[in-house]
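**Q** Pasting input08.txt below, which is compact mmCIF, C-alpha atoms.
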```
# COMPACT_ATOMS: atom_id res chain seq x y z
CA MET A 158 1.90 23.87 -23.74
CA ALA A 159 4.35 21.89 -21.59
CA GLU A 160 6.28 25.05 -20.72
CA GLN A 161 3.09 26.76 -19.62
CA LEU A 162 2.18 23.73 -17.52
CA ILE A 163 5.58 23.77 -15.81
CA ARG A 164 5.13 27.45 -14.95
CA GLU A 165 1.66 26.75 -13.57
CA ILE A 166 3.05 24.03 -11.30
CA ASP A 167 5.98 26.14 -10.10
CA GLU A 168 3.57 28.97 -9.24
CA ARG A 169 1.62 26.52 -7.07
CA ARG A 170 4.62 25.61 -4.90
CA ASP A 171 3.27 27.29 -1.76
CA ASP A 172 -0.16 25.80 -2.39
CA LEU A 173 1.42 22.34 -2.70
CA VAL A 174 3.15 22.77 0.67
CA VAL A 175 -0.03 23.93 2.41
CA LEU A 176 -2.12 21.18 0.80
CA THR A 177 0.31 18.51 1.95
CA GLN A 178 0.44 19.94 5.46
CA GLU A 179 -3.33 20.08 5.76
CA LEU A 180 -3.66 16.47 4.61
CA LEU A 181 -1.04 15.37 7.17
CA ARG A 182 -2.87 17.21 9.95
CA ILE A 183 -5.88 14.94 9.50
CA PRO A 184 -4.78 11.80 11.42
CA THR A 185 -6.24 8.99 9.33
CA LEU A 186 -4.75 6.15 11.37
CA ASN A 187 -5.48 2.62 10.22
CA PRO A 188 -6.21 0.64 12.24
CA PRO A 189 -8.78 1.51 13.34
CA GLY A 190 -9.66 3.84 10.43
CA GLU A 191 -9.96 7.29 11.93
CA ASN A 192 -11.16 10.49 10.22
CA TYR A 193 -11.79 8.95 6.81
CA ARG A 194 -14.91 11.04 6.25
CA GLU A 195 -13.11 14.22 7.34
CA ILE A 196 -10.33 13.82 4.76
CA CYS A 197 -12.78 12.77 2.04
CA ASP A 198 -14.87 15.90 2.70
CA TYR A 199 -11.70 18.00 2.57
CA LEU A 200 -10.72 16.53 -0.81
CA ALA A 201 -14.27 16.88 -2.09
CA ARG A 202 -14.36 20.60 -1.25
CA ARG A 203 -10.98 21.15 -2.89
CA LEU A 204 -11.74 19.31 -6.13
CA LYS A 205 -15.27 20.62 -6.45
CA LYS A 206 -13.79 24.11 -6.82
CA SER A 207 -12.00 22.84 -9.94
CA GLY A 208 -15.23 21.61 -11.52
CA PHE A 209 -15.13 17.97 -10.45
CA GLU A 210 -18.26 15.94 -9.81
CA ILE A 211 -17.95 14.18 -6.46
CA ASP A 212 -18.92 10.67 -5.34
CA LEU A 213 -18.61 9.81 -1.66
CA VAL A 214 -18.81 6.03 -1.30
CA ARG A 215 -18.91 4.08 1.94
CA ALA A 216 -17.74 0.47 1.65
CA PHE A 217 -20.48 -1.09 3.75
CA GLY A 218 -19.73 -4.50 5.21
CA THR A 219 -16.04 -4.58 4.33
CA PRO A 220 -13.42 -5.58 6.94
CA GLY A 221 -13.23 -2.88 9.62
CA ASP A 222 -16.32 -0.97 8.47
CA SER A 223 -18.58 0.09 11.33
CA ASP A 224 -20.66 3.09 12.33
CA LYS A 225 -17.77 4.18 14.54
CA TYR A 226 -15.15 3.69 11.81
CA PRO A 227 -16.95 3.85 8.46
CA ARG A 228 -14.86 3.10 5.35
CA TRP A 229 -15.35 6.25 3.24
CA ASN A 230 -13.88 6.88 -0.20
CA VAL A 231 -14.00 9.93 -2.46
CA ILE A 232 -13.97 9.77 -6.27
CA ALA A 233 -13.86 13.04 -8.21
CA ARG A 234 -14.40 13.16 -11.99
CA ARG A 235 -14.23 15.96 -14.52
CA ASP A 236 -15.21 15.30 -18.12
CA GLY A 237 -13.55 17.17 -20.95
CA LYS A 238 -15.09 19.01 -23.87
CA ARG A 239 -14.71 16.05 -26.21
CA SER A 240 -14.79 12.29 -25.90
CA GLY A 241 -11.56 10.50 -25.11
CA GLU A 242 -9.84 8.32 -22.57
CA CYS A 243 -9.92 8.70 -18.79
CA VAL A 244 -6.84 9.12 -16.62
CA HIS A 245 -7.33 8.20 -12.97
CA PHE A 246 -5.01 9.18 -10.09
CA ASN A 247 -5.63 6.91 -7.11
CA SER A 248 -4.15 7.60 -3.65
CA HIS A 249 -4.91 5.92 -0.35
CA ILE A 250 -5.89 8.20 2.52
CA ASP A 251 -4.96 5.94 5.45
CA VAL A 252 -1.68 5.95 7.34
CA VAL A 253 -0.09 3.41 9.67
CA ASP A 254 0.56 3.68 13.39
CA VAL A 255 3.01 6.39 14.46
CA GLY A 256 5.32 4.13 16.48
CA HIS A 257 8.23 5.43 18.56
CA GLY A 258 11.35 7.45 17.80
CA TRP A 259 9.92 10.64 16.31
CA SER A 260 11.67 14.00 16.75
CA LYS A 261 8.86 15.81 14.89
CA ASP A 262 5.13 16.02 15.53
CA PRO A 263 3.76 13.09 13.48
CA PHE A 264 0.68 15.12 12.57
CA GLY A 265 2.25 18.57 12.53
CA GLY A 266 3.22 18.82 8.87
CA GLU A 267 6.41 20.67 9.81
CA LEU A 268 8.37 22.18 6.90
CA GLU A 269 12.14 22.16 7.41
CA ASP A 270 14.96 22.34 4.85
CA GLY A 271 12.61 21.66 1.97
CA LYS A 272 11.06 18.58 3.63
CA ILE A 273 7.57 18.16 5.04
CA TYR A 274 7.45 15.78 8.01
CA GLY A 275 4.57 13.67 9.21
CA ARG A 276 3.04 10.22 9.25
CA GLY A 277 1.97 9.55 5.69
CA ALA A 278 4.11 12.34 4.20
CA CYS A 279 5.74 10.04 1.66
CA ASP A 280 3.26 7.16 1.97
CA MET A 281 1.34 8.70 0.40
CA LYS A 282 -0.24 12.08 1.12
CA GLY A 283 2.65 13.81 -0.65
CA GLY A 284 1.79 11.85 -3.78
CA LEU A 285 -1.90 12.68 -3.39
CA ALA A 286 -1.09 16.39 -3.10
CA ALA A 287 1.26 16.26 -6.11
CA SER A 288 -1.42 14.64 -8.26
CA ILE A 289 -3.98 17.29 -7.31
CA ILE A 290 -1.56 20.11 -8.13
CA ALA A 291 -0.72 18.41 -11.45
CA VAL A 292 -4.40 18.11 -12.34
CA GLU A 293 -5.23 21.69 -11.36
CA ALA A 294 -2.25 23.05 -13.33
CA PHE A 295 -3.27 20.96 -16.34
CA LEU A 296 -6.83 22.34 -16.21
CA ALA A 297 -5.49 25.90 -16.05
CA THR A 298 -3.27 25.15 -19.06
CA LEU A 299 -5.78 23.21 -21.15
CA PRO A 300 -9.37 23.61 -19.95
CA ASP A 301 -10.71 22.25 -23.26
CA PHE A 302 -9.13 18.82 -22.93
CA SER A 303 -10.46 15.56 -24.33
CA GLY A 304 -11.59 12.60 -22.26
CA ALA A 305 -11.84 12.70 -18.48
CA ILE A 306 -9.76 13.04 -15.33
CA GLU A 307 -10.48 11.27 -12.07
CA VAL A 308 -8.85 11.70 -8.66
CA SER A 309 -9.66 9.34 -5.82
CA GLY A 310 -8.81 9.08 -2.14
CA THR A 311 -9.45 5.55 -0.93
CA ALA A 312 -9.51 3.68 2.36
CA ASP A 313 -7.58 0.87 3.94
CA GLU A 314 -4.70 0.29 1.51
CA GLU A 315 -2.44 -0.31 4.50
CA SER A 316 -4.66 -3.20 5.62
CA GLY A 317 -5.38 -4.74 2.22
CA GLY A 318 -7.54 -2.17 0.45
CA TYR A 319 -10.78 -4.12 0.82
CA GLY A 320 -12.70 -1.11 2.11
CA GLY A 321 -11.24 1.05 -0.65
CA VAL A 322 -10.08 0.12 -4.14
CA ALA A 323 -11.30 -3.50 -3.94
CA TYR A 324 -14.81 -2.33 -3.08
CA LEU A 325 -14.78 0.36 -5.75
CA ALA A 326 -13.50 -2.10 -8.36
CA GLU A 327 -16.34 -4.47 -7.51
CA LYS A 328 -18.76 -1.56 -8.03
CA GLY A 329 -17.34 -0.85 -11.50
CA PHE A 330 -15.33 2.30 -10.78
CA PHE A 331 -12.26 0.76 -12.43
CA ASP A 332 -14.04 -0.86 -15.36
CA PRO A 333 -11.84 -0.50 -18.49
CA GLU A 334 -14.86 1.00 -20.25
CA ARG A 335 -14.88 3.82 -17.69
CA VAL A 336 -11.15 4.26 -16.94
CA GLN A 337 -8.27 3.58 -19.32
CA HIS A 338 -5.13 4.75 -17.46
CA VAL A 339 -4.40 4.54 -13.73
CA ILE A 340 -1.49 6.17 -11.91
CA ILE A 341 -1.05 5.40 -8.21
CA PRO A 342 1.31 8.02 -6.64
CA GLU A 343 3.04 5.62 -4.24
CA PRO A 344 6.55 6.65 -3.09
CA LEU A 345 8.85 4.71 -5.42
CA ASN A 346 11.15 7.71 -6.19
CA LYS A 347 10.41 10.34 -8.83
CA ASP A 348 12.54 8.76 -11.58
CA ARG A 349 11.04 5.28 -11.24
CA ILE A 350 7.98 3.63 -12.72
CA CYS A 351 6.67 0.79 -10.58
CA LEU A 352 5.16 -1.91 -12.79
CA GLY A 353 3.68 -4.07 -10.04
CA HIS A 354 4.45 -6.06 -6.92
CA ARG A 355 5.28 -9.45 -5.47
CA GLY A 356 2.61 -11.81 -4.19
CA VAL A 357 1.68 -12.34 -0.56
CA TRP A 358 0.40 -15.27 1.51
CA TRP A 359 -0.46 -14.71 5.16
CA ALA A 360 -1.32 -17.53 7.53
CA GLU A 361 -1.91 -18.08 11.22
CA VAL A 362 -0.45 -21.22 12.80
CA GLU A 363 -1.63 -22.39 16.22
CA THR A 364 0.09 -25.10 18.20
CA TYR A 365 -1.71 -26.84 21.06
CA GLY A 366 -0.62 -28.26 24.39
CA GLU A 367 -2.12 -29.02 27.80
CA ILE A 368 -2.34 -26.61 30.70
CA ALA A 369 -0.75 -27.60 34.02
CA HIS A 370 0.92 -26.00 37.01
CA GLY A 371 4.15 -24.23 36.08
CA SER A 372 6.02 -25.99 38.88
CA MET A 373 5.15 -29.35 37.33
CA PRO A 374 5.45 -28.77 33.57
CA PHE A 375 5.91 -32.51 33.02
CA LEU A 376 2.19 -32.88 33.80
CA GLY A 377 1.28 -30.60 30.91
CA ASP A 378 2.34 -30.04 27.34
CA CYS A 379 3.90 -26.69 26.40
CA ALA A 380 2.46 -25.24 23.21
CA VAL A 381 5.24 -22.62 23.09
CA ARG A 382 7.88 -25.36 22.92
CA HIS A 383 5.98 -26.91 20.02
CA MET A 384 6.06 -23.55 18.26
CA GLY A 385 9.76 -23.32 19.00
CA ALA A 386 10.23 -26.58 17.12
CA VAL A 387 8.35 -25.05 14.16
CA LEU A 388 10.66 -22.04 14.24
CA ASP A 389 13.71 -24.30 14.38
CA GLU A 390 12.50 -26.26 11.34
CA MET A 391 11.88 -23.02 9.47
CA GLU A 392 15.41 -21.84 10.22
CA ASN A 393 16.97 -25.11 9.10
CA SER A 394 14.93 -25.85 5.98
CA LEU A 395 12.51 -23.16 4.83
CA PHE A 396 14.58 -19.98 5.11
CA PRO A 397 17.57 -21.47 3.24
CA ALA A 398 15.22 -22.69 0.49
CA LEU A 399 13.61 -19.25 0.12
CA ALA A 400 17.02 -17.60 -0.19
CA GLU A 401 17.65 -19.69 -3.32
CA LYS A 402 14.52 -18.47 -5.11
CA ARG A 403 15.32 -15.49 -7.35
CA THR A 404 13.19 -13.46 -9.74
CA GLU A 405 13.57 -11.68 -13.05
CA MET A 406 11.13 -9.05 -11.77
CA PRO A 407 12.99 -5.74 -11.16
CA VAL A 408 12.08 -5.74 -7.46
CA VAL A 409 13.61 -3.09 -5.21
CA PRO A 410 15.47 -3.14 -2.92
CA GLU A 411 17.85 -5.89 -4.02
CA GLY A 412 17.10 -8.08 -0.99
CA ALA A 413 13.49 -8.43 -2.13
CA ARG A 414 14.47 -10.12 -5.40
CA GLN A 415 14.32 -13.39 -3.50
CA SER A 416 11.38 -15.02 -1.76
CA THR A 417 10.98 -13.84 1.81
CA LEU A 418 9.08 -14.76 4.94
CA ASN A 419 8.49 -12.57 7.98
CA ILE A 420 7.27 -13.80 11.36
CA ASN A 421 4.71 -11.11 11.98
CA SER A 422 3.85 -12.03 15.56
CA ILE A 423 3.89 -14.80 18.16
CA HIS A 424 1.52 -15.01 21.13
CA GLY A 425 1.75 -17.89 23.59
CA GLY A 426 0.31 -18.57 26.99
CA GLN A 427 -1.58 -16.03 29.07
CA ALA A 428 -2.56 -12.70 27.61
CA GLU A 429 -0.52 -9.75 28.83
CA GLY A 430 -2.13 -7.68 31.56
CA ASP A 431 -3.35 -4.13 31.11
CA ASP A 432 -0.79 -1.36 31.49
CA ASP A 433 -2.11 -0.50 34.95
CA PHE A 434 -1.91 -4.12 36.18
CA THR A 435 1.03 -4.50 38.60
CA GLY A 436 0.60 -8.15 39.61
CA LEU A 437 2.41 -11.26 38.43
CA PRO A 438 1.12 -13.87 35.97
CA SER A 439 -0.13 -17.18 37.31
CA PRO A 440 2.17 -20.23 36.92
CA CYS A 441 0.67 -22.16 34.05
CA VAL A 442 1.96 -24.29 31.19
CA PRO A 443 0.66 -22.63 27.99
CA ASP A 444 -1.81 -24.75 26.07
CA SER A 445 -1.86 -22.54 22.98
CA CYS A 446 0.63 -20.56 20.89
CA ARG A 447 -0.24 -18.59 17.75
CA MET A 448 2.07 -17.29 15.06
CA ILE A 449 1.29 -15.17 11.99
CA VAL A 450 3.60 -15.52 9.00
CA ASP A 451 3.89 -13.13 6.06
CA ARG A 452 5.25 -14.91 2.96
CA ARG A 453 6.14 -12.76 -0.09
CA PHE A 454 6.53 -14.67 -3.33
CA LEU A 455 7.62 -14.11 -6.89
CA LEU A 456 5.98 -14.06 -10.30
CA GLU A 457 7.78 -17.32 -11.07
CA GLU A 458 6.20 -19.10 -8.08
CA ASN A 459 2.80 -20.80 -7.86
CA ILE A 460 0.57 -19.91 -4.90
CA ASP A 461 -0.35 -23.55 -4.27
CA GLU A 462 3.33 -24.47 -4.11
CA VAL A 463 3.99 -21.56 -1.73
CA GLN A 464 1.32 -22.88 0.61
CA ALA A 465 2.41 -26.51 0.30
CA GLU A 466 6.02 -25.57 1.05
CA PHE A 467 5.02 -24.07 4.39
CA LEU A 468 2.69 -26.91 5.28
CA GLN A 469 5.55 -29.34 4.68
CA VAL A 470 7.47 -27.66 7.51
CA LEU A 471 4.62 -28.47 9.90
CA LYS A 472 4.38 -32.06 8.66
CA ASP A 473 8.13 -32.51 9.17
CA VAL A 474 7.81 -31.29 12.77
CA GLU A 475 4.83 -33.59 13.29
CA ASN A 476 6.91 -36.57 12.16
CA LYS A 477 9.65 -35.75 14.65
CA ARG A 478 7.69 -34.61 17.68
CA ALA A 479 5.30 -36.56 19.90
CA SER A 480 1.96 -34.97 20.79
CA PHE A 481 2.44 -32.22 18.21
CA ARG A 482 -0.94 -30.78 17.28
CA TYR A 483 -1.61 -27.69 15.18
CA ASP A 484 -4.02 -25.79 12.96
CA VAL A 485 -3.31 -23.51 10.00
CA ARG A 486 -5.65 -20.75 8.83
CA GLU A 487 -5.03 -18.73 5.70
CA LEU A 488 -5.59 -15.01 6.34
CA HIS A 489 -4.76 -13.32 3.07
CA ARG A 490 -3.49 -14.07 -0.42
CA VAL A 491 -2.58 -11.82 -3.34
CA LEU A 492 -1.07 -12.94 -6.62
CA PRO A 493 1.89 -11.05 -8.07
CA THR A 494 1.14 -8.52 -10.80
CA MET A 495 3.31 -6.70 -13.32
CA THR A 496 2.22 -4.32 -16.08
CA ASP A 497 3.92 -4.69 -19.46
CA LYS A 498 6.64 -2.08 -20.09
CA GLU A 499 4.99 -1.36 -23.46
CA ALA A 500 1.62 -0.47 -21.91
CA PRO A 501 0.40 3.03 -22.88
CA VAL A 502 0.59 4.54 -19.40
CA VAL A 503 4.11 3.16 -18.92
CA ARG A 504 5.41 4.61 -22.18
CA THR A 505 3.72 7.95 -21.51
CA VAL A 506 5.08 8.41 -18.00
CA ALA A 507 8.53 7.23 -19.11
CA ARG A 508 8.66 9.97 -21.75
CA ALA A 509 7.45 12.52 -19.20
CA ILE A 510 10.21 11.51 -16.77
CA GLU A 511 12.86 11.90 -19.46
CA GLU A 512 11.49 15.30 -20.55
CA THR A 513 11.22 16.56 -16.96
CA LEU A 514 14.29 15.08 -15.28
CA GLY A 515 16.58 14.62 -18.27
CA LYS A 516 17.15 10.93 -17.60
CA GLU A 517 15.62 7.63 -18.59
CA ALA A 518 13.03 6.13 -16.29
CA GLU A 519 13.99 3.16 -14.14
CA TYR A 520 11.50 0.30 -14.06
CA VAL A 521 10.95 -1.36 -10.70
CA VAL A 522 8.60 -3.71 -8.87
CA SER A 523 7.49 -3.11 -5.27
CA PRO A 524 8.50 -5.61 -2.56
CA GLY A 525 5.06 -5.23 -0.97
CA THR A 526 1.60 -5.14 -2.48
CA TYR A 527 -0.49 -2.05 -3.02
CA ASP A 528 -3.85 -1.34 -4.64
CA GLN A 529 -2.78 -2.25 -8.17
CA LYS A 530 -3.71 -5.82 -7.20
CA HIS A 531 -7.41 -4.94 -7.05
CA ILE A 532 -7.39 -2.79 -10.18
CA ASP A 533 -5.81 -5.71 -12.03
CA ARG A 534 -7.63 -8.72 -10.57
CA ILE A 535 -11.07 -7.26 -9.85
CA GLY A 536 -11.25 -4.31 -12.23
CA LYS A 537 -9.55 -6.25 -15.07
CA LEU A 538 -7.62 -3.09 -15.89
CA LYS A 539 -4.01 -3.86 -16.82
CA ASN A 540 -2.89 -0.36 -17.83
CA CYS A 541 -1.89 0.66 -14.30
CA ILE A 542 1.35 1.75 -12.62
CA ALA A 543 2.61 3.30 -9.42
CA TYR A 544 4.48 6.56 -9.85
CA GLY A 545 4.96 9.27 -7.26
CA PRO A 546 7.31 11.31 -5.08
CA GLY A 547 9.01 10.10 -1.95
CA ILE A 548 11.64 7.60 -0.89
CA LEU A 549 10.27 4.10 -0.40
CA ASP A 550 12.62 3.35 2.51
CA LEU A 551 11.01 6.14 4.58
CA ALA A 552 7.55 4.56 4.53
CA HIS A 553 6.28 3.60 8.00
CA LYS A 554 9.47 4.94 9.64
CA PRO A 555 9.77 7.63 12.37
CA ASP A 556 10.34 11.17 11.05
CA GLU A 557 8.83 10.21 7.71
CA TYR A 558 9.05 13.07 5.22
CA VAL A 559 8.54 14.06 1.60
CA GLY A 560 10.69 16.54 -0.29
CA VAL A 561 8.97 19.57 -1.78
CA GLU A 562 11.18 19.50 -4.88
CA ASP A 563 10.39 15.83 -5.38
CA MET A 564 6.66 16.59 -5.25
CA LEU A 565 7.03 19.43 -7.73
CA ASP A 566 9.02 17.27 -10.14
CA SER A 567 6.52 14.42 -9.83
CA ALA A 568 3.64 16.83 -10.43
CA LYS A 569 5.37 17.98 -13.62
CA VAL A 570 5.74 14.38 -14.78
CA MET A 571 2.06 13.75 -14.07
CA GLY A 572 1.05 16.96 -15.84
CA ARG A 573 3.11 16.14 -18.92
CA SER A 574 1.49 12.71 -18.98
CA LEU A 575 -1.94 14.32 -18.97
CA ILE A 576 -0.95 16.51 -21.92
CA GLU A 577 0.10 13.48 -23.96
CA LEU A 578 -2.97 11.41 -23.06
CA LEU A 579 -5.72 14.06 -23.10
CA ALA A 580 -4.57 17.04 -25.20
CA GLN A 581 -5.92 15.56 -28.42
CA PRO A 582 -7.03 17.83 -31.28
```
Kindly return the structure encoded in the file as structure tokens.
**A**
Amino acid sequence: MAEQLIREIDERRDDLVVLTQELLRIPTLNPPGENYREICDYLARRLKKSGFEIDLVRAFGTPGDSDKYPRWNVIARRDGKRSGECVHFNSHIDVVDVGHGWSKDPFGGELEDGKIYGRGACDMKGGLAASIIAVEAFLATLPDFSGAIEVSGTADEESGGYGGVAYLAEKGFFDPERVQHVIIPEPLNKDRICLGHRGVWWAEVETYGEIAHGSMPFLGDCAVRHMGAVLDEMENSLFPALAEKRTEMPVVPEGARQSTLNINSIHGGQAEGDDDFTGLPSPCVPDSCRMIVDRRFLLEENIDEVQAEFLQVLKDVENKRASFRYDVRELHRVLPTMTDKEAPVVRTVARAIEETLGKEAEYVVSPGTYDQKHIDRIGKLKNCIAYGPGILDLAHKPDEYVGVEDMLDSAKVMGRSLIELLAQP
């Protein structure tokens, strides 16, 4: 049966290339959330031909959802001939901003030297395409399978997943009574099983001052200088402390096995003018400066301690600096998650990797979060991993690509996993 499945996948090579290219040519940029319905309709048409029942679900009222940019999701399900467990392949349909530095058309889906280029090629439309090919080849090999197969394309993973998997989990789509195994084809390399991810705490800090004429700054109070003092304190105390925190989680790359903090943005003073504005700014002392911080933390850390550690930096600056005033607003928090290596889906995919690639699977944890957080925390479904084609380091980079051979190999691993989980007598 496995040999027949492998032949079926190899025969679909050209189809896999075209499918990936067509997905890349639908520019599902997030933000703002473009063309979600178009790609969901495309996936619905494709999967309906293979006998799947289709649900199109709009996540009304979630962050970013509007009539101009509705948060659409597609969930396709095909039940087998007999009762059994359900295997769900979940892929996000959104991609990040293109950015600068491309030598290829970001939405061209160009095939060159066995690589397909485009924004979202590895993260994660290549994984979505591989899972569809795996499912279709499995159905051709074993149409009388047990249980059920689901394939979903979901919104907004790049901005937290609240209009996608979080919403669907709240609606019961990932209830353990409905779904038993979840594979998320994120690009963690084809020989790796990703068990989970670090935690995240985002916050916005605003420092305050007093506006005055720029020629007489002594009559005002510069909020940017206050923020500079915060940055200096972070450099001297917080960053060295984070570098000492290490985890037993198998996080990749190696640098992410410690706690990290990124300064996501700083905005102080007057807003920048429009691109067509050619004048000069007015001479003013800035009375406000805002900074967004992105703190990634480890399974061994407590979220309350993570927050308190950062707040202590601000208190230390307050003790040293006259007229220092500030506010802190939490934007986002996600707890770390890690599936047990002995979980059924982990053991199954590990065996499939060894049978397909001739090597033992490597177990890793992602440096950043992905939609496993919602399946775990909201859906209460622990039997979930990320496994898919693509090189993690290429995500969000210019000239992002996915290798065709990597997609084929990953599809074979997914197909073998379906045989083990659903080909019951």
**Q** May I ask which of the residues A:Asp262, A:Asp171, A:Asp497, A:Glu466 is the closest one to A:Met391, counting all atoms listed in the file?
**A**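 Of A:Asp262, A:Asp171, A:Asp497, A:Glu466, the one nearest A:Met391 is A:Glu466, counting all atoms listed in the file.
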**Q** Ranking A:Gln581, A:Gln469, A:Gln178, A:Gln161 by minimum distance to A:Lys272 and counting all atoms listed in the file, which one comes first?
**A**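 Answer, going by the shortest atom-to-atom distance: A:Gln178.
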**Q** Quick one: residues within 6 Å of (9.0, 14.8, -14.6) (file frame), counting only C-alpha atoms, please, as a short mmCIF file (atom, residue, chain, number, x, y, z; two decimals) with C-alpha atoms, in the frame of the given file.
**A**
```cif
data_model
loop_
_atom_site.label_atom_id
_atom_site.label_comp_id
_atom_site.auth_asym_id
_atom_site.auth_seq_id
_atom_site.Cartn_x
_atom_site.Cartn_y
_atom_site.Cartn_z
CA ALA A 509 7.45 12.52 -19.20
CA ILE A 510 10.21 11.51 -16.77
CA THR A 513 11.22 16.56 -16.96
CA LEU A 514 14.29 15.08 -15.28
CA ASP A 566 9.02 17.27 -10.14
CA SER A 567 6.52 14.42 -9.83
CA LYS A 569 5.37 17.98 -13.62
CA VAL A 570 5.74 14.38 -14.78
#
```
**Q** For the atom pair atom CA of A:Leu551 and atom CA of A:Val491, what is the interatomic distance in Å to one decimal place?
**A** 23.9 Å
**Q** Could you check how far atom CA of A:Ala580 sits from atom CA of A:Arg534, in Å to one decimal?
**A**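 Atom-to-atom, atom CA of A:Ala580 to atom CA of A:Arg534, that is 29.8 Å.
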**Q** When you count only C-alpha atoms, which of these residues is closest to A:Arg164: A:Phe295, A:Asn476, A:Tyr527, A:Pro220?
**A**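 With only C-alpha atoms as the atom set, the closest residue is A:Phe295.
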**Q** List the neighbours of A:Val252 out to 6 Å using all atoms listed in the file; skip same-chain residues closer than 3 positions along the sequence, and give me the result as number ranges by chain.
**A** A: 185-187, 277
**Q** Have a look at atom CA of A:Glu499 and atom CA of A:Glu511 and let me know their distance in Å, one decimal.
**A** 15.9 Å
**Q** What's around A:Lys347 at 12 Å? Count all atoms listed in the file, leave out sequence neighbours fewer than 4 positions away in its own chain, and write the answer as number ranges by chain.
**A** A: 279, 283-284, 287, 342-343, 351, 506-507, 509-511, 513-514, 516-521, 543-549, 559-571
**Q** Given the choices A:Ala400, A:Pro300, A:His370, A:Ala552, which gets closest to A:Leu345 if the distance is worked out from only C-alpha atoms?
**A** A:Ala552
